[in-house]
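A.B. asks: To be precise about what I am sending: the file is called query_2.txt and holds compact mmCIF, C-alpha atoms and all ligand atoms.
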```txt
# COMPACT_ATOMS: atom_id res chain seq x y z
CA MET X 18 -38.35 0.77 75.39
CA SER X 19 -38.20 4.08 73.50
CA ASN X 20 -35.11 5.40 71.70
CA THR X 21 -34.68 7.94 74.47
CA GLU X 22 -34.75 5.17 77.06
CA ILE X 23 -32.20 3.24 75.02
CA GLU X 24 -29.91 6.28 74.96
CA THR X 25 -30.43 6.77 78.71
CA ALA X 26 -29.69 3.10 79.39
CA LYS X 27 -26.49 3.39 77.35
CA LYS X 28 -25.39 6.41 79.40
CA ALA X 29 -26.32 4.95 82.81
CA GLU X 30 -23.94 5.34 85.73
CA PRO X 31 -21.38 2.55 86.29
CA LYS X 32 -22.76 1.25 89.61
CA ALA X 33 -25.88 -0.29 88.16
CA VAL X 34 -24.73 0.11 84.58
CA ASP X 35 -26.75 -1.55 81.87
CA ASN X 36 -24.02 -2.95 79.67
CA ARG X 37 -26.37 -4.92 77.50
CA PHE X 38 -26.17 -2.44 74.64
CA LYS X 39 -22.39 -2.42 74.88
CA TYR X 40 -22.47 -6.18 74.66
CA LEU X 41 -24.89 -6.04 71.73
CA ASP X 42 -22.64 -3.48 70.01
CA ARG X 43 -19.73 -5.84 70.55
CA ALA X 44 -21.69 -8.66 68.90
CA LEU X 45 -22.54 -6.36 65.99
CA ALA X 46 -18.89 -5.40 65.62
CA LYS X 47 -17.81 -9.03 65.83
CA HIS X 48 -19.97 -9.69 62.80
CA GLN X 49 -18.60 -6.53 61.16
CA PHE X 50 -22.15 -5.10 61.01
CA ARG X 51 -22.88 -7.51 58.16
CA GLY X 52 -26.52 -8.01 57.28
CA ASP X 53 -26.02 -11.75 56.88
CA ALA X 54 -25.32 -11.97 60.62
CA LEU X 55 -28.89 -10.90 61.38
CA ILE X 56 -30.02 -14.16 62.98
CA GLU X 57 -26.95 -14.37 65.23
CA VAL X 58 -27.43 -10.74 66.26
CA LEU X 59 -31.12 -11.30 67.00
CA HIS X 60 -30.19 -14.32 69.14
CA THR X 61 -27.71 -12.23 71.11
CA ALA X 62 -30.25 -9.41 71.53
CA GLN X 63 -32.96 -11.77 72.75
CA GLU X 64 -30.59 -13.43 75.16
CA LEU X 65 -29.61 -10.04 76.57
CA PHE X 66 -33.03 -8.42 76.72
CA GLY X 67 -35.39 -11.38 77.00
CA PHE X 68 -37.46 -10.37 73.99
CA LEU X 69 -37.10 -8.28 70.85
CA SER X 70 -38.91 -4.99 71.35
CA GLN X 71 -39.80 -2.78 68.41
CA ASP X 72 -37.07 -0.31 69.40
CA LEU X 73 -34.50 -3.07 69.65
CA LEU X 74 -35.42 -4.28 66.15
CA THR X 75 -35.06 -0.71 64.87
CA TYR X 76 -31.68 -0.39 66.56
CA ILE X 77 -30.51 -3.64 64.91
CA SER X 78 -31.92 -2.65 61.53
CA LYS X 79 -30.01 0.65 61.65
CA SER X 80 -26.82 -1.00 62.89
CA LEU X 81 -26.87 -3.66 60.17
CA LYS X 82 -28.16 -1.22 57.54
CA LEU X 83 -31.07 -3.52 56.76
CA PRO X 84 -34.65 -2.45 56.03
CA PRO X 85 -36.81 -2.66 59.20
CA SER X 86 -39.25 -4.90 57.30
CA LYS X 87 -36.49 -7.46 56.71
CA VAL X 88 -35.46 -7.50 60.40
CA TYR X 89 -39.07 -7.69 61.55
CA GLY X 90 -39.79 -10.44 59.00
CA VAL X 91 -36.95 -12.63 60.25
CA ALA X 92 -37.81 -11.98 63.92
CA THR X 93 -41.42 -13.04 63.37
CA PHE X 94 -40.62 -15.99 61.08
CA TYR X 95 -38.65 -18.03 63.61
CA HIS X 96 -40.61 -19.35 66.58
CA PHE X 97 -37.64 -19.03 68.94
CA PHE X 98 -37.74 -15.25 68.74
CA SER X 99 -40.18 -13.49 71.00
CA LEU X 100 -41.43 -9.96 70.30
CA LYS X 101 -43.17 -9.49 73.63
CA PRO X 102 -42.22 -10.15 77.24
CA LYS X 103 -43.92 -13.33 78.35
CA GLY X 104 -44.70 -12.48 81.94
CA GLU X 105 -45.61 -9.13 83.53
CA HIS X 106 -42.02 -9.10 84.83
CA THR X 107 -38.88 -10.83 83.65
CA VAL X 108 -35.99 -11.91 85.82
CA THR X 109 -32.81 -12.75 83.94
CA VAL X 110 -30.08 -14.59 85.82
CA CYS X 111 -26.69 -14.25 84.17
CA MET X 112 -25.05 -17.66 83.93
CA GLY X 113 -21.85 -16.49 82.25
CA THR X 114 -18.56 -17.69 83.71
CA ALA X 115 -17.92 -14.69 86.00
CA CYS X 116 -21.41 -14.90 87.46
CA TYR X 117 -21.43 -18.67 87.59
CA VAL X 118 -18.30 -18.87 89.74
CA LYS X 119 -19.86 -16.34 92.11
CA GLY X 120 -22.99 -18.37 92.69
CA ALA X 121 -25.34 -17.70 89.76
CA GLY X 122 -26.48 -21.33 89.93
CA GLU X 123 -27.83 -20.73 93.43
CA LEU X 124 -29.57 -17.57 92.25
CA LEU X 125 -31.28 -19.42 89.45
CA ALA X 126 -32.27 -22.23 91.82
CA ALA X 127 -33.69 -19.68 94.26
CA ALA X 128 -35.68 -18.01 91.46
CA GLU X 129 -37.02 -21.34 90.20
CA HIS X 130 -37.97 -22.35 93.71
CA GLN X 131 -39.70 -19.05 94.44
CA CYS X 132 -41.59 -18.99 91.13
CA LYS X 133 -42.26 -22.74 91.00
CA CYS X 134 -41.19 -22.83 87.37
CA LYS X 135 -37.98 -23.34 85.42
CA ALA X 136 -35.79 -20.99 83.39
CA GLY X 137 -37.54 -20.31 80.09
CA GLU X 138 -40.95 -20.58 81.74
CA THR X 139 -43.49 -18.16 83.20
CA THR X 140 -45.35 -18.51 86.51
CA ALA X 141 -48.86 -19.91 86.27
CA ASP X 142 -50.35 -16.49 87.10
CA GLY X 143 -48.34 -14.84 84.29
CA LYS X 144 -46.54 -12.51 86.68
CA VAL X 145 -42.90 -13.54 86.29
CA SER X 146 -40.86 -15.09 83.48
CA ILE X 147 -37.48 -16.57 84.38
CA GLN X 148 -34.65 -16.66 81.93
CA SER X 149 -30.94 -17.18 81.94
CA ALA X 150 -28.32 -15.42 79.85
CA ARG X 151 -24.77 -16.29 78.92
CA CYS X 152 -23.27 -12.92 79.88
CA VAL X 153 -24.92 -9.53 80.09
CA GLY X 154 -21.61 -7.68 79.88
CA SER X 155 -21.29 -6.58 83.52
CA CYS X 156 -18.85 -9.22 84.78
CA GLY X 157 -17.19 -6.76 87.20
CA ILE X 158 -20.31 -6.71 89.38
CA ALA X 159 -21.03 -10.45 89.29
CA PRO X 160 -23.25 -12.18 90.07
CA VAL X 161 -25.70 -10.12 88.06
CA VAL X 162 -29.46 -10.37 87.76
CA VAL X 163 -31.57 -8.20 85.46
CA TYR X 164 -34.99 -7.37 86.91
CA ASP X 165 -36.97 -6.23 83.88
CA ASN X 166 -34.53 -3.53 82.65
CA GLU X 167 -32.73 -2.94 85.93
CA VAL X 168 -29.29 -4.51 86.22
CA ALA X 169 -28.67 -5.52 89.84
CA PRO X 170 -25.07 -6.08 91.04
CA VAL X 171 -23.71 -8.67 93.47
CA VAL X 172 -27.04 -10.40 93.99
CA THR X 173 -27.59 -12.92 96.78
CA PRO X 174 -30.15 -15.76 96.89
CA GLU X 175 -31.97 -13.78 99.63
CA GLY X 176 -31.99 -10.69 97.42
CA ILE X 177 -33.50 -12.43 94.41
CA THR X 178 -36.01 -14.26 96.59
CA SER X 179 -37.22 -11.07 98.20
CA ARG X 180 -37.54 -9.20 94.89
CA LEU X 181 -39.49 -12.06 93.35
CA GLN X 182 -41.70 -12.28 96.40
CA THR X 183 -42.60 -8.60 95.96
CA TRP X 184 -43.49 -9.18 92.31
CA LEU X 185 -45.47 -12.32 93.02
CA GLU X 186 -47.43 -10.75 95.86
CA ALA X 187 -48.22 -7.51 94.00
CA ALA X 188 -51.77 -7.16 92.79
CA SER X 189 -52.07 -7.31 88.99
S1 LIG M 1 -20.74 -13.41 83.21
FE1 LIG M 1 -22.40 -12.39 84.10
S2 LIG M 1 -22.13 -10.39 83.43
FE2 LIG M 1 -20.58 -11.43 82.43
```
Is it possible to give me this structure as structure tokens?
C.D. replies:
Amino acid sequence: MSNTEIETAKKAEPKAVDNRFKYLDRALAKHQFRGDALIEVLHTAQELFGFLSQDLLTYISKSLKLPPSKVYGVATFYHFFSLKPKGEHTVTVCMGTACYVKGAGELLAAAEHQCKCKAGETTADGKVSIQSARCVGSCGIAPVVVYDNEVAPVVTPEGITSRLQTWLEAAS
């Protein structure tokens, strides 16, 4: 994701608003933009975005006023951080409280059933990675699913199934 795309995502319209940067900013503020909170911030960023893109690492480095080499070094040192998306597509089911009470568990089950793999895994053909997040910062439109970088509001099991079917059936 380029810096321009990041700025565009931040300014997106409320209906399908991508609040993940707002949520990341909140996490940065919670840690008072302290450099020693780097690992916690990287965890939050990965949970929100699925992986740590170069632009995301730059954004974090600027926010925490740390050299990019330091941020990159930490992100590559720990095996639980991922710098690339695993599958061709990533579906992120928000399992935060607001989404959970509105049926996120059924959405995740539908995704796992459709993809024949569990959250944290990628389909055998490498097309789709499934992940869950604690809250992507869009509780008002729960239950929320993020398809790659598109935040989808009020998702139903049928909706997630049909989107995943399209991805799985698409030619590589
Ligand atoms: S709990 Fe899902 S967006 Fe907040």
A.B. asks: Of the candidates X:Ala126, X:Lys119, X:Asn166, X:Gly104, which one gets nearest to X:Leu185 if we count all atoms listed in the file?
C.D. replies: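 Closest to X:Leu185, using all atoms listed in the file: X:Gly104.
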A.B. asks: Given a cut-off of 7 Å, what residues near ligand LIG 1 (chain M) show up using all atoms listed in the file, put as a short mmCIF file (atom, residue, chain, number, x, y, z; two decimals) with C-alpha atoms, in the frame of the given file?
C.D. replies:
```
data_model
loop_
_atom_site.label_atom_id
_atom_site.label_comp_id
_atom_site.auth_asym_id
_atom_site.auth_seq_id
_atom_site.Cartn_x
_atom_site.Cartn_y
_atom_site.Cartn_z
CA CYS X 111 -26.69 -14.25 84.17
CA MET X 112 -25.05 -17.66 83.93
CA GLY X 113 -21.85 -16.49 82.25
CA THR X 114 -18.56 -17.69 83.71
CA ALA X 115 -17.92 -14.69 86.00
CA CYS X 116 -21.41 -14.90 87.46
CA TYR X 117 -21.43 -18.67 87.59
CA ARG X 151 -24.77 -16.29 78.92
CA CYS X 152 -23.27 -12.92 79.88
CA VAL X 153 -24.92 -9.53 80.09
CA GLY X 154 -21.61 -7.68 79.88
CA SER X 155 -21.29 -6.58 83.52
CA CYS X 156 -18.85 -9.22 84.78
CA ALA X 159 -21.03 -10.45 89.29
CA PRO X 160 -23.25 -12.18 90.07
CA VAL X 161 -25.70 -10.12 88.06
#
```
A.B. asks: So that I can check the surroundings of X:Arg37, please list as number ranges by chain every protein, DNA and RNA residue that reaches within 10 Å of it, counting all atoms listed in the file and ignoring chain neighbours fewer than 2 positions away.
C.D. replies: X: 26-27, 34-35, 39-43, 61-62, 64-66, 152-155, 166, 168
A.B. asks: Quick one: of X:Ala169, X:Lys103, X:Gln131, X:Gly52, who's nearest to X:Pro85, counting all atoms listed in the file?
C.D. replies: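 The shortest atom-to-atom distance to X:Pro85 comes from X:Gly52.
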A.B. asks: Can you tell me which residues surround X:Lys135 at a distance of at most 9 Å, considering only C-alpha atoms, apart from same-chain residues fewer than 5 positions away, and format the answer as an NGL selection string?
C.D. replies: :X and (125-126 or 128-130 or 140 or 146-148)
A.B. asks: Just give me the gap between atom CA of X:Glu57 and atom CA of X:Thr139 in Å, one decimal is fine.
C.D. replies: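 One can read the atom CA of X:Glu57 to atom CA of X:Thr139 distance as 24.7 Å.
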A.B. asks: Hey, could you pull the box centre and edge lengths for stretch 154-162 of chain X, axis-aligned, 5 Å padding per side, all listed atoms, to one decimal in Å, as JSON?
C.D. replies:
```
{"center_x": -23.3, "center_y": -9.4, "center_z": 85.0, "size_x": 22.3, "size_y": 15.6, "size_z": 20.2}
```
A.B. asks: Using all atoms listed in the file, list the residues that have an atom at most 6 Å from (-32.2, -11.9, 81.6), coordinates as in the file, as a PyMOL selection string.
C.D. replies: chain X and resi 65+67+108-110+148-150+163
A.B. asks: Contacts of stretch 73-75 of chain X at 12 Å or less, counting only C-alpha atoms, minus same-chain residues fewer than 2 places along, as a PyMOL selection string?
C.D. replies: chain X and resi 18-20+22-24+37-38+41-42+55-56+58-63+65-71+77-93+98-101
A.B. asks: Between X:His106, X:Val145, X:Phe94, X:Pro170, which has the minimum distance to X:Ala121 (counting only C-alpha atoms)?
C.D. replies: X:Pro170
A.B. asks: Expressed in Å to a single decimal, how great is the separation between atom CA of X:Leu181 and atom CA of X:Thr107?
C.D. replies: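 Straight-line distance from atom CA of X:Leu181 to atom CA of X:Thr107 works out to 9.8 Å.
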A.B. asks: Go through X:Val171, X:Ala54, X:Leu124, X:Cys132 one by one, measure the shortest atom-to-atom distance of each to X:Trp184 using all atoms listed in the file, and give the residue with the smallest value.
C.D. replies: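 Among the listed residues, the smallest separation from X:Trp184 belongs to X:Cys132.
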A.B. asks: Can you measure atom CA of X:Cys134 to atom CA of X:Asn36 for me? One decimal in Å is fine.
C.D. replies: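 One can read the atom CA of X:Cys134 to atom CA of X:Asn36 distance as 27.4 Å.
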A.B. asks: Hey, which of X:Asp142, X:Leu45, X:Ala187, X:Glu123 ends up closest to X:Val162? Count all atoms listed in the file.
C.D. replies: X:Glu123
A.B. asks: Rank X:Ile158, X:Ala46, X:Val172, X:Ala188 by their smallest atom-to-atom distance to X:Gly122, using only C-alpha atoms, and report the top residue only.
C.D. replies: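 Closest to X:Gly122 of all the choices is X:Val172.
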A.B. asks: Starting from the incomplete input, reconstruct N, CA and C atoms of stretch 74-102 of chain X and write that as a PDB file, keeping the file's coordinate frame.
C.D. replies:
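After the write, part10.pdb holds the following:
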```pdb
ATOM      1  N   LEU X  74     -35.458  -3.883  67.558  1.00  0.00           N
ATOM      2  CA  LEU X  74     -35.420  -4.280  66.150  1.00  0.00           C
ATOM      3  C   LEU X  74     -34.981  -3.099  65.270  1.00  0.00           C
ATOM      4  N   THR X  75     -35.457  -1.908  65.626  1.00  0.00           N
ATOM      5  CA  THR X  75     -35.060  -0.710  64.870  1.00  0.00           C
ATOM      6  C   THR X  75     -33.568  -0.458  65.029  1.00  0.00           C
ATOM      7  N   TYR X  76     -33.101  -0.603  66.271  1.00  0.00           N
ATOM      8  CA  TYR X  76     -31.680  -0.390  66.560  1.00  0.00           C
ATOM      9  C   TYR X  76     -30.829  -1.365  65.721  1.00  0.00           C
ATOM     10  N   ILE X  77     -31.255  -2.618  65.666  1.00  0.00           N
ATOM     11  CA  ILE X  77     -30.510  -3.640  64.910  1.00  0.00           C
ATOM     12  C   ILE X  77     -30.587  -3.342  63.411  1.00  0.00           C
ATOM     13  N   SER X  78     -31.771  -2.940  62.961  1.00  0.00           N
ATOM     14  CA  SER X  78     -31.920  -2.650  61.530  1.00  0.00           C
ATOM     15  C   SER X  78     -30.994  -1.502  61.113  1.00  0.00           C
ATOM     16  N   LYS X  79     -30.904  -0.472  61.977  1.00  0.00           N
ATOM     17  CA  LYS X  79     -30.010   0.650  61.650  1.00  0.00           C
ATOM     18  C   LYS X  79     -28.550   0.206  61.698  1.00  0.00           C
ATOM     19  N   SER X  80     -28.217  -0.577  62.727  1.00  0.00           N
ATOM     20  CA  SER X  80     -26.820  -1.000  62.890  1.00  0.00           C
ATOM     21  C   SER X  80     -26.356  -1.873  61.728  1.00  0.00           C
ATOM     22  N   LEU X  81     -27.258  -2.740  61.248  1.00  0.00           N
ATOM     23  CA  LEU X  81     -26.870  -3.660  60.170  1.00  0.00           C
ATOM     24  C   LEU X  81     -27.202  -3.098  58.790  1.00  0.00           C
ATOM     25  N   LYS X  82     -27.761  -1.873  58.798  1.00  0.00           N
ATOM     26  CA  LYS X  82     -28.160  -1.220  57.540  1.00  0.00           C
ATOM     27  C   LYS X  82     -29.084  -2.126  56.719  1.00  0.00           C
ATOM     28  N   LEU X  83     -30.077  -2.676  57.429  1.00  0.00           N
ATOM     29  CA  LEU X  83     -31.070  -3.520  56.760  1.00  0.00           C
ATOM     30  C   LEU X  83     -32.428  -2.835  56.870  1.00  0.00           C
ATOM     31  N   PRO X  84     -33.323  -3.047  55.909  1.00  0.00           N
ATOM     32  CA  PRO X  84     -34.650  -2.450  56.030  1.00  0.00           C
ATOM     33  C   PRO X  84     -35.372  -3.009  57.261  1.00  0.00           C
ATOM     34  N   PRO X  85     -36.092  -2.170  58.027  1.00  0.00           N
ATOM     35  CA  PRO X  85     -36.810  -2.660  59.200  1.00  0.00           C
ATOM     36  C   PRO X  85     -37.726  -3.829  58.871  1.00  0.00           C
ATOM     37  N   SER X  86     -38.321  -3.817  57.669  1.00  0.00           N
ATOM     38  CA  SER X  86     -39.250  -4.900  57.300  1.00  0.00           C
ATOM     39  C   SER X  86     -38.526  -6.245  57.237  1.00  0.00           C
ATOM     40  N   LYS X  87     -37.286  -6.220  56.802  1.00  0.00           N
ATOM     41  CA  LYS X  87     -36.490  -7.460  56.710  1.00  0.00           C
ATOM     42  C   LYS X  87     -36.213  -7.994  58.132  1.00  0.00           C
ATOM     43  N   VAL X  88     -35.787  -7.101  59.029  1.00  0.00           N
ATOM     44  CA  VAL X  88     -35.460  -7.500  60.400  1.00  0.00           C
ATOM     45  C   VAL X  88     -36.717  -8.015  61.100  1.00  0.00           C
ATOM     46  N   TYR X  89     -37.812  -7.298  60.943  1.00  0.00           N
ATOM     47  CA  TYR X  89     -39.070  -7.690  61.550  1.00  0.00           C
ATOM     48  C   TYR X  89     -39.529  -9.041  60.972  1.00  0.00           C
ATOM     49  N   GLY X  90     -39.374  -9.200  59.672  1.00  0.00           N
ATOM     50  CA  GLY X  90     -39.790 -10.440  59.000  1.00  0.00           C
ATOM     51  C   GLY X  90     -39.045 -11.646  59.549  1.00  0.00           C
ATOM     52  N   VAL X  91     -37.747 -11.508  59.727  1.00  0.00           N
ATOM     53  CA  VAL X  91     -36.950 -12.630  60.250  1.00  0.00           C
ATOM     54  C   VAL X  91     -37.326 -12.895  61.717  1.00  0.00           C
ATOM     55  N   ALA X  92     -37.496 -11.817  62.485  1.00  0.00           N
ATOM     56  CA  ALA X  92     -37.810 -11.980  63.920  1.00  0.00           C
ATOM     57  C   ALA X  92     -39.166 -12.652  64.112  1.00  0.00           C
ATOM     58  N   THR X  93     -40.098 -12.423  63.207  1.00  0.00           N
ATOM     59  CA  THR X  93     -41.420 -13.040  63.370  1.00  0.00           C
ATOM     60  C   THR X  93     -41.479 -14.430  62.724  1.00  0.00           C
ATOM     61  N   PHE X  94     -40.579 -14.694  61.789  1.00  0.00           N
ATOM     62  CA  PHE X  94     -40.620 -15.990  61.080  1.00  0.00           C
ATOM     63  C   PHE X  94     -40.211 -17.154  62.000  1.00  0.00           C
ATOM     64  N   TYR X  95     -39.175 -16.926  62.790  1.00  0.00           N
ATOM     65  CA  TYR X  95     -38.650 -18.030  63.610  1.00  0.00           C
ATOM     66  C   TYR X  95     -39.334 -18.051  64.974  1.00  0.00           C
ATOM     67  N   HIS X  96     -39.832 -19.233  65.340  1.00  0.00           N
ATOM     68  CA  HIS X  96     -40.610 -19.350  66.580  1.00  0.00           C
ATOM     69  C   HIS X  96     -39.776 -19.080  67.827  1.00  0.00           C
ATOM     70  N   PHE X  97     -38.449 -19.225  67.732  1.00  0.00           N
ATOM     71  CA  PHE X  97     -37.640 -19.030  68.940  1.00  0.00           C
ATOM     72  C   PHE X  97     -37.405 -17.562  69.262  1.00  0.00           C
ATOM     73  N   PHE X  98     -37.828 -16.669  68.394  1.00  0.00           N
ATOM     74  CA  PHE X  98     -37.740 -15.250  68.740  1.00  0.00           C
ATOM     75  C   PHE X  98     -39.074 -14.792  69.321  1.00  0.00           C
ATOM     76  N   SER X  99     -38.972 -13.967  70.347  1.00  0.00           N
ATOM     77  CA  SER X  99     -40.180 -13.490  71.000  1.00  0.00           C
ATOM     78  C   SER X  99     -40.211 -11.961  70.914  1.00  0.00           C
ATOM     79  N   LEU X 100     -41.336 -11.417  70.477  1.00  0.00           N
ATOM     80  CA  LEU X 100     -41.430  -9.960  70.300  1.00  0.00           C
ATOM     81  C   LEU X 100     -42.102  -9.275  71.483  1.00  0.00           C
ATOM     82  N   LYS X 101     -42.512 -10.073  72.454  1.00  0.00           N
ATOM     83  CA  LYS X 101     -43.170  -9.490  73.630  1.00  0.00           C
ATOM     84  C   LYS X 101     -42.629 -10.170  74.871  1.00  0.00           C
ATOM     85  N   PRO X 102     -42.616  -9.462  76.010  1.00  0.00           N
ATOM     86  CA  PRO X 102     -42.220 -10.150  77.240  1.00  0.00           C
ATOM     87  C   PRO X 102     -43.310 -11.158  77.574  1.00  0.00           C
TER      88      PRO X 102
END
```
